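Structure data (mmCIF, C-alpha atoms) from target-v8.cif:
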```
data_work
#
loop_
_atom_site.label_atom_id
_atom_site.label_comp_id
_atom_site.auth_asym_id
_atom_site.auth_seq_id
_atom_site.Cartn_x
_atom_site.Cartn_y
_atom_site.Cartn_z
CA MET D 1 10.63 24.69 17.43
CA LYS D 2 9.11 21.27 16.64
CA ASN D 3 12.46 19.93 15.38
CA LEU D 4 14.20 21.24 18.50
CA VAL D 5 11.69 19.52 20.76
CA LYS D 6 12.11 16.24 18.83
CA LYS D 7 15.88 16.51 19.15
CA ILE D 8 15.71 17.08 22.91
CA LEU D 9 13.24 14.21 23.39
CA GLY D 10 15.45 11.94 21.27
CA GLN D 11 18.35 12.50 23.66
CA PHE D 12 16.23 10.90 26.38
CA GLY D 13 14.98 8.02 24.23
CA TYR D 14 11.58 9.52 23.41
CA ASP D 15 9.95 10.47 20.12
CA LEU D 16 7.36 13.09 19.18
CA VAL D 17 4.59 11.60 17.06
CA ARG D 18 1.25 12.81 15.75
CA LEU D 19 -1.82 11.48 17.57
CA PRO D 20 -4.52 11.03 14.92
CA HIS D 21 -8.20 11.65 15.57
CA PRO D 22 -10.05 8.74 17.23
CA GLY D 23 -11.80 6.65 14.60
CA SER D 24 -9.41 7.67 11.84
CA LEU D 25 -7.35 5.30 9.73
CA GLY D 26 -4.18 6.71 11.25
CA ARG D 27 -5.28 5.94 14.82
CA HIS D 28 -6.42 2.47 13.71
CA LEU D 29 -3.00 1.75 12.20
CA GLN D 30 -1.17 2.97 15.29
CA GLU D 31 -3.16 0.57 17.46
CA LEU D 32 -2.98 -2.30 14.96
CA PHE D 33 0.80 -2.03 14.53
CA ARG D 34 1.20 -2.07 18.32
CA ASP D 35 -1.19 -4.97 18.95
CA ALA D 36 0.06 -7.13 16.04
CA ASP D 37 3.71 -6.22 16.74
CA ILE D 38 4.32 -5.33 13.08
CA ASN D 39 8.00 -5.14 12.15
CA LEU D 40 7.82 -5.06 8.33
CA VAL D 41 5.56 -3.07 6.03
CA CYS D 42 5.32 -4.09 2.38
CA ASP D 43 3.99 -1.01 0.59
CA VAL D 44 2.87 -2.39 -2.79
CA GLY D 45 2.03 0.31 -5.29
CA ALA D 46 3.96 2.91 -3.33
CA ARG D 47 3.82 5.71 -5.92
CA HIS D 48 5.97 8.50 -4.37
CA GLY D 49 6.29 6.92 -0.93
CA GLU D 50 3.59 9.08 0.66
CA TYR D 51 2.19 6.19 2.68
CA SER D 52 5.58 5.36 4.15
CA GLY D 53 6.03 8.98 5.16
CA GLU D 54 2.65 8.91 6.89
CA LEU D 55 3.64 5.78 8.83
CA ARG D 56 6.79 7.50 10.05
CA GLY D 57 4.64 10.42 11.17
CA LEU D 58 2.48 7.99 13.12
CA GLY D 59 5.53 6.72 14.98
CA TYR D 60 6.30 3.48 13.14
CA ARG D 61 10.07 2.94 13.14
CA GLY D 62 10.35 -0.61 11.74
CA TRP D 63 11.28 -1.73 8.25
CA ILE D 64 9.39 -0.47 5.20
CA THR D 65 9.80 -1.95 1.72
CA SER D 66 8.27 0.08 -1.11
CA PHE D 67 7.37 -1.63 -4.39
CA GLU D 68 6.77 0.76 -7.28
CA PRO D 69 7.07 -0.16 -10.98
CA VAL D 70 6.75 3.24 -12.72
CA ALA D 71 10.25 4.66 -13.24
CA GLU D 72 9.46 8.32 -12.54
CA ASN D 73 7.56 7.47 -9.37
CA PHE D 74 10.41 5.26 -8.17
CA ARG D 75 12.93 8.08 -8.64
CA THR D 76 10.83 10.17 -6.27
CA ILE D 77 10.73 7.33 -3.72
CA SER D 78 14.51 7.02 -3.93
CA ALA D 79 14.85 10.69 -3.08
CA ASN D 80 12.26 10.62 -0.30
CA ARG D 81 13.79 7.64 1.53
CA ARG D 82 17.31 9.06 1.72
CA GLY D 83 18.52 9.09 5.29
CA ASP D 84 16.02 6.44 6.39
CA LYS D 85 18.09 3.28 6.84
CA TYR D 86 15.00 1.15 7.53
CA TRP D 87 13.23 2.00 4.27
CA LYS D 88 14.15 0.10 1.10
CA GLY D 89 12.74 0.55 -2.40
CA PHE D 90 12.17 -1.99 -5.17
CA ASN D 91 11.58 -0.79 -8.73
CA MET D 92 9.13 -3.56 -9.63
CA ALA D 93 5.52 -4.65 -9.42
CA LEU D 94 4.13 -7.56 -7.47
CA GLY D 95 1.55 -9.94 -8.92
CA SER D 96 0.32 -13.52 -9.15
CA GLU D 97 3.34 -14.86 -11.07
CA PRO D 98 6.73 -13.71 -12.40
CA ALA D 99 6.39 -11.81 -15.68
CA THR D 100 7.25 -8.73 -17.67
CA LEU D 101 4.10 -6.69 -18.26
CA LYS D 102 3.22 -3.32 -19.73
CA ILE D 103 1.80 -0.85 -17.27
CA ASN D 104 -0.40 2.05 -18.38
CA VAL D 105 1.13 5.32 -17.21
CA THR D 106 -1.52 7.97 -16.65
CA ALA D 107 -1.40 11.76 -16.42
CA GLY D 108 -2.30 11.46 -12.76
CA SER D 109 0.50 9.36 -11.25
CA ALA D 110 -1.87 7.78 -8.72
CA MET D 111 -3.88 6.06 -11.48
CA SER D 112 -1.18 4.17 -13.38
CA SER D 113 -2.26 0.53 -13.67
CA PHE D 114 -1.99 -2.74 -15.56
CA ARG D 115 -5.69 -2.25 -16.23
CA GLU D 116 -7.25 0.50 -18.34
CA PRO D 117 -9.37 3.24 -16.73
CA ASN D 118 -13.02 2.66 -17.63
CA GLU D 119 -15.57 5.17 -18.86
CA TYR D 120 -16.65 6.02 -15.32
CA ALA D 121 -13.06 6.82 -14.31
CA ARG D 122 -12.56 9.03 -17.35
CA SER D 123 -15.73 10.90 -16.44
CA GLU D 124 -14.99 11.22 -12.72
CA PHE D 125 -11.23 11.81 -12.76
CA THR D 126 -10.98 13.49 -16.21
CA GLU D 127 -7.34 14.34 -17.10
CA ASP D 128 -5.86 12.18 -14.32
CA ALA D 129 -7.26 9.04 -16.00
CA VAL D 130 -5.71 9.76 -19.41
CA ILE D 131 -3.08 7.20 -20.46
CA THR D 132 0.05 9.01 -21.58
CA GLY D 133 2.21 5.97 -22.35
CA THR D 134 3.24 2.49 -21.27
CA GLU D 135 6.31 0.99 -19.59
CA ALA D 136 7.53 -2.61 -19.55
CA VAL D 137 8.00 -3.55 -15.90
CA ASP D 138 9.29 -6.52 -13.94
CA VAL D 139 6.65 -8.41 -11.95
CA ARG D 140 7.51 -10.76 -9.09
CA THR D 141 5.51 -12.33 -6.27
CA VAL D 142 5.45 -11.70 -2.53
CA ALA D 143 6.39 -15.37 -2.04
CA ALA D 144 9.45 -15.02 -4.28
CA MET D 145 10.52 -11.86 -2.46
CA LEU D 146 10.23 -13.34 1.03
CA PRO D 147 13.83 -14.67 1.23
CA GLU D 148 15.14 -11.18 0.41
CA LEU D 149 12.76 -9.62 2.92
CA LYS D 150 13.99 -12.06 5.57
CA GLU D 151 17.49 -10.72 5.06
CA LEU D 152 16.13 -7.44 6.43
CA VAL D 153 13.82 -8.96 9.07
CA PRO D 154 14.55 -12.64 9.88
CA ASP D 155 11.20 -13.15 11.65
CA PRO D 156 8.84 -10.91 9.65
CA ARG D 157 5.47 -9.87 11.04
CA ILE D 158 4.15 -8.25 7.91
CA PHE D 159 1.61 -5.53 7.25
CA LEU D 160 0.78 -5.81 3.54
CA LYS D 161 -0.43 -2.51 2.09
CA LEU D 162 -1.95 -2.85 -1.39
CA ASP D 163 -2.75 0.08 -3.68
CA THR D 164 -2.20 -1.30 -7.17
CA GLN D 165 -5.16 0.23 -8.97
CA GLY D 166 -7.22 -2.88 -9.63
CA PHE D 167 -4.42 -5.46 -9.25
CA ASP D 168 -4.57 -6.13 -5.51
CA LEU D 169 -6.05 -9.62 -5.76
CA GLU D 170 -3.27 -10.62 -8.17
CA VAL D 171 -0.77 -9.63 -5.49
CA LEU D 172 -2.72 -11.69 -2.97
CA LYS D 173 -2.48 -14.77 -5.22
CA GLY D 174 1.29 -14.38 -5.37
CA ALA D 175 1.43 -14.13 -1.58
CA GLU D 176 -0.64 -17.25 -0.82
CA PRO D 177 2.31 -19.56 0.06
CA VAL D 178 3.62 -17.11 2.67
CA LEU D 179 0.45 -15.54 4.08
CA LYS D 180 1.26 -17.00 7.50
CA HIS D 181 3.75 -14.13 7.83
CA VAL D 182 1.09 -11.48 7.06
CA ARG D 183 -0.66 -10.37 10.24
CA ALA D 184 -2.79 -7.64 8.64
CA LEU D 185 -3.31 -5.90 5.34
CA GLN D 186 -4.77 -2.77 3.79
CA SER D 187 -6.30 -2.82 0.32
CA GLU D 188 -8.01 -0.14 -1.76
CA VAL D 189 -11.37 -1.62 -2.74
CA SER D 190 -13.87 -0.09 -5.17
CA VAL D 191 -17.58 0.33 -4.64
CA LYS D 192 -17.65 1.79 -8.13
CA PRO D 193 -14.85 0.10 -10.15
CA ILE D 194 -12.74 2.58 -12.09
CA TYR D 195 -10.75 0.10 -14.23
CA GLU D 196 -11.80 -2.47 -16.79
CA ASN D 197 -12.26 -5.94 -15.24
CA MET D 198 -11.59 -4.62 -11.74
CA PRO D 199 -13.22 -6.75 -9.01
CA PRO D 200 -15.85 -4.91 -6.94
CA TYR D 201 -15.31 -4.41 -3.22
CA ALA D 202 -17.50 -7.32 -2.05
CA GLU D 203 -15.53 -9.77 -4.19
CA ALA D 204 -12.22 -8.39 -2.94
CA ILE D 205 -13.24 -8.58 0.71
CA ALA D 206 -14.53 -12.14 0.22
CA ALA D 207 -11.16 -13.13 -1.28
CA TYR D 208 -9.30 -11.83 1.78
CA GLN D 209 -11.77 -13.55 4.09
CA SER D 210 -11.23 -16.85 2.28
CA HIS D 211 -7.58 -16.65 3.40
CA GLY D 212 -8.45 -16.18 7.06
CA PHE D 213 -8.51 -12.39 7.29
CA GLU D 214 -11.36 -10.55 8.98
CA LEU D 215 -12.70 -7.10 8.22
CA ALA D 216 -11.40 -4.51 10.70
CA GLY D 217 -12.31 -1.20 9.09
CA LEU D 218 -13.44 0.69 5.98
CA TYR D 219 -12.30 4.26 5.34
CA PRO D 220 -13.53 6.34 2.36
CA VAL D 221 -10.79 7.34 -0.08
CA HIS D 222 -12.78 8.99 -2.88
CA VAL D 223 -16.39 10.12 -3.09
CA ASP D 224 -18.23 11.22 -6.20
CA LYS D 225 -19.89 14.57 -6.88
CA CYS D 226 -23.02 13.41 -5.03
CA GLY D 227 -21.07 12.27 -1.98
CA ALA D 228 -21.33 8.53 -2.69
CA VAL D 229 -18.23 6.45 -1.95
CA ILE D 230 -16.11 5.36 -4.94
CA GLU D 231 -13.31 3.59 -3.02
CA PHE D 232 -12.51 2.49 0.50
CA ASP D 233 -9.24 1.75 2.25
CA CYS D 234 -10.08 -1.68 3.64
CA VAL D 235 -8.15 -2.96 6.69
CA MET D 236 -8.14 -6.72 7.27
CA ILE D 237 -6.62 -8.55 10.24
CA ARG D 238 -5.70 -12.16 10.88
CA PRO D 239 -7.06 -13.11 14.33
CA SER D 240 -4.38 -14.47 16.65
#
```
Please go through the file and, once you have read it, give me the structure as structure tokens.
Amino acid sequence: MKNLVKKILGQFGYDLVRLPHPGSLGRHLQELFRDADINLVCDVGARHGEYSGELRGLGYRGWITSFEPVAENFRTISANRRGDKYWKGFNMALGSEPATLKINVTAGSAMSSFREPNEYARSEFTEDAVITGTEAVDVRTVAAMLPELKELVPDPRIFLKLDTQGFDLEVLKGAEPVLKHVRALQSEVSVKPIYENMPPYAEAIAAYQSHGFELAGLYPVHVDKCGAVIEFDCVMIRPS
């Protein structure tokens, strides 16, 4: 029935979208994308493309570019984006400079990282934090990718989504020359770091603020067995 309703609405130029709960990350993103007139999402650390699917469910119909270095994860993205002509995938990582690096592939696909899970992560996430192998992956920068992105969207108003398991600030460094095109971003920041040498949340937020972004929202991602927050999804905006 839902698909039939969407089809009928589509014939009249309307779309059926989910209205998230007030105060939720989903509602925040709907309002932010509207107010900032976002027309390009760079999903860095896309894993299986779940985030992009969520954005489509929220009603976003602009361009999405998914960056995912792990080969198996990227195969899943390639399957999930079939039929979506405004969603492009890149089998690579983004960082502070061009390189070829080894990424640690973990049993839990969401935890693969250039950094190693620390003792706390191994205790809290158990089998998911176990490294099962490594892959050599291509690393580029947001700045280097911008000309290719402009072929998709000549005047990009970018939402930069970062979920690189401890590598987000490296991506930020590689985006510095072109940050004027980034109107807002989302980064996973850790109250309790789960990777070796991972910057804590206050340091990460301060880094974004130093580039002119302001804190717009914090949304818990993981909590520990006692209910204390491990990680937040942090939304930052650049005031107009």
Residue neighbourhood Leu215 in chain D, 8 Å, all atoms listed in the file, exclusion window fewer than 4 positions, as a ChimeraX atom specification
/D:205,209,234-237
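What the PyMOL selection byres ((chain D and resi 69) around 10) picks from this file is Val44, Gly45, Ala46, Arg47, Ser66, Phe67, Glu68, Val70, Ala71, Glu72, Asn73, Phe74, Phe90, Asn91, Met92, Ala93, Leu94, Ile103, Ser112, Ser113, Glu135, Ala136, Val137, Asp138 and Val139 of chain D.
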Min atom-atom distance to Asp168 in chain D from the set D:Ala204, D:Met145, D:Ala184, D:Leu152, counting only C-alpha atoms, belongs to D:Ala204
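Here CA of Leu146 in chain D stands at a distance of 14.0 Å from CA of Glu97 in chain D.
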Show me, as a compact mmCIF listing (two decimals) with C-alpha atoms, in the coordinates of the input, the residues that have an atom within 8 Å of Val142 in chain D when counting only C-alpha atoms, minus same-chain residues fewer than 2 positions from it.
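selection.txt, freshly written:
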```
# COMPACT_ATOMS: atom_id res chain seq x y z
CA LEU D 94 4.13 -7.56 -7.47
CA GLY D 95 1.55 -9.94 -8.92
CA ARG D 140 7.51 -10.76 -9.09
CA ALA D 144 9.45 -15.02 -4.28
CA MET D 145 10.52 -11.86 -2.46
CA LEU D 146 10.23 -13.34 1.03
CA VAL D 171 -0.77 -9.63 -5.49
CA GLY D 174 1.29 -14.38 -5.37
CA ALA D 175 1.43 -14.13 -1.58
CA VAL D 178 3.62 -17.11 2.67
```
What does the PyMOL selection byres ((chain D and resi 201) around 9) select in this file, as a ChimeraX atom specification?
/D:188-193,199-200,202-206,231-232
Export of prior selection with C-alpha atoms as a PDB file, in the frame of the given file:
```pdb
ATOM      1  CA  GLU D 188      -8.010  -0.140  -1.760  1.00  0.00           C
ATOM      2  CA  VAL D 189     -11.370  -1.620  -2.740  1.00  0.00           C
ATOM      3  CA  SER D 190     -13.870  -0.090  -5.170  1.00  0.00           C
ATOM      4  CA  VAL D 191     -17.580   0.330  -4.640  1.00  0.00           C
ATOM      5  CA  LYS D 192     -17.650   1.790  -8.130  1.00  0.00           C
ATOM      6  CA  PRO D 193     -14.850   0.100 -10.150  1.00  0.00           C
ATOM      7  CA  PRO D 199     -13.220  -6.750  -9.010  1.00  0.00           C
ATOM      8  CA  PRO D 200     -15.850  -4.910  -6.940  1.00  0.00           C
ATOM      9  CA  ALA D 202     -17.500  -7.320  -2.050  1.00  0.00           C
ATOM     10  CA  GLU D 203     -15.530  -9.770  -4.190  1.00  0.00           C
ATOM     11  CA  ALA D 204     -12.220  -8.390  -2.940  1.00  0.00           C
ATOM     12  CA  ILE D 205     -13.240  -8.580   0.710  1.00  0.00           C
ATOM     13  CA  ALA D 206     -14.530 -12.140   0.220  1.00  0.00           C
ATOM     14  CA  GLU D 231     -13.310   3.590  -3.020  1.00  0.00           C
ATOM     15  CA  PHE D 232     -12.510   2.490   0.500  1.00  0.00           C
TER      16      PHE D 232
END
```
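In this model, the gap between CA of Thr132 in chain D and CA of Thr76 in chain D comes to 18.8 Å.
Residues with any atom within 12 Å of Asp35 in chain D, counting all atoms listed in the file and excluding same-chain neighbours fewer than 6 positions away, are His28, Leu29, Arg157, Arg183, Ala184, Ile237, Arg238, Pro239 and Ser240 of chain D.
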Set the distance at 9 Å and use all atoms listed in the file: which residues neighbour Leu149 in chain D once local chain neighbours fewer than 5 positions away are removed? I'd like the list as JSON, numbers by chain.
{"D": [40, 65, 154, 156]}
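Coordinates place CA of Ala129 in chain D at a distance of 8.9 Å from CA of Glu116 in chain D.
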Please provide the set of residues having any atom within 7 Å of range 194-196 of chain D, restricted to only C-alpha atoms, with same-chain residues fewer than 3 positions apart removed, written as a PDB file with C-alpha atoms, keeping the file's coordinate frame.
```pdb
ATOM      1  CA  ARG D 115      -5.690  -2.250 -16.230  1.00  0.00           C
ATOM      2  CA  GLU D 116      -7.250   0.500 -18.340  1.00  0.00           C
ATOM      3  CA  PRO D 117      -9.370   3.240 -16.730  1.00  0.00           C
ATOM      4  CA  ASN D 118     -13.020   2.660 -17.630  1.00  0.00           C
ATOM      5  CA  TYR D 120     -16.650   6.020 -15.320  1.00  0.00           C
ATOM      6  CA  ALA D 121     -13.060   6.820 -14.310  1.00  0.00           C
ATOM      7  CA  GLY D 166      -7.220  -2.880  -9.630  1.00  0.00           C
TER       8      GLY D 166
END
```
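When the PyMOL selection byres ((chain D and resi 54) around 12) is evaluated against the file, it yields Val17, Arg18, Leu19, Pro20, Leu25, Gly26, Arg27, Leu29, Gln30, Asp43, Ala46, His48, Gly49, Glu50, Tyr51, Ser52, Gly53, Leu55, Arg56, Gly57, Leu58, Gly59, Tyr60, Arg61 and Ile64 of chain D.
Nearest to Asp128 in chain D of all the residues D:Gly83, D:Gly217, D:Pro147, D:Gly108 is D:Gly108, based on all atoms listed in the file.
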Give, as lines of an AutoDock Vina configuration file, the centre coordinates and the x, y and z edge lengths in Å to one decimal for an axis-aligned box around all listed atoms of range 33-42 of chain D, padded by 6 Å on each side.
```
center_x = 3.4
center_y = -4.6
center_z = 10.7
size_x = 21.2
size_y = 17.1
size_z = 28.6
```
Restricting the calculation to all atoms listed in the file: of D:Thr141, D:Gly133, D:Leu32, D:Tyr208, which residue gets closest to Ala99 in chain D?
D:Thr141
